[in-house]
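What follows is a set of notes on a single structure, which appears directly below.
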Amino acid sequence: MDLSLLLAIAFIIALIFWLNRRQSRRRPTAYRSPTATAPSRSVRSHTQRQLLRLVGGNQSVAERLVEQVQLNNPSQSEQWCWEKAIYDIQRDRHSS
């Protein structure tokens, strides 16, 4: 093979690795797996419905809110995190 062809292939491979690495740095690790934040059976359905109602039925918004509470309070149960997200929304709406 020609040396310029080998260099071109090496350059393309390096570029692909660099772009993949750059892209993975942009994505927060918390959002890589959408199923990781899906409500488990330990969360009461009433609590899930209440939060969903407060966010206009937007499941992804509800999951992001709960995920943020979990990141800030890692020792708390998932049920507590859902209830805290509900409390935070209600508090913010009443303070406006």
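In the structure tokens, the first chain shown is A, the next is B, and so on; residue numbers restart at 1 for each chain, and ligands run from 1 in the order shown.
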
Query - Exercise: region 79-88 of chain A partners within 8 Å, only C-alpha atoms, chain neighbours under 5 positions left out, as a PyMOL selection string - result: chain A and resi 42-44+47-48+50-51+54+65-66+69-70+73

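If only C-alpha atoms are the atoms counted, then among A:Gln68, A:Phe11, A:Asp2, A:Val55 the closest residue to Arg93 (chain A) is A:Val55.
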
Query raised in the report: What gap, in Å, lies between CA of Ser45 (chain A) and CA of Asn58 (chain A)?
Result: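 Spanning CA of Ser45 (chain A) to CA of Asn58 (chain A) is a straight-line distance of 15.6 Å.
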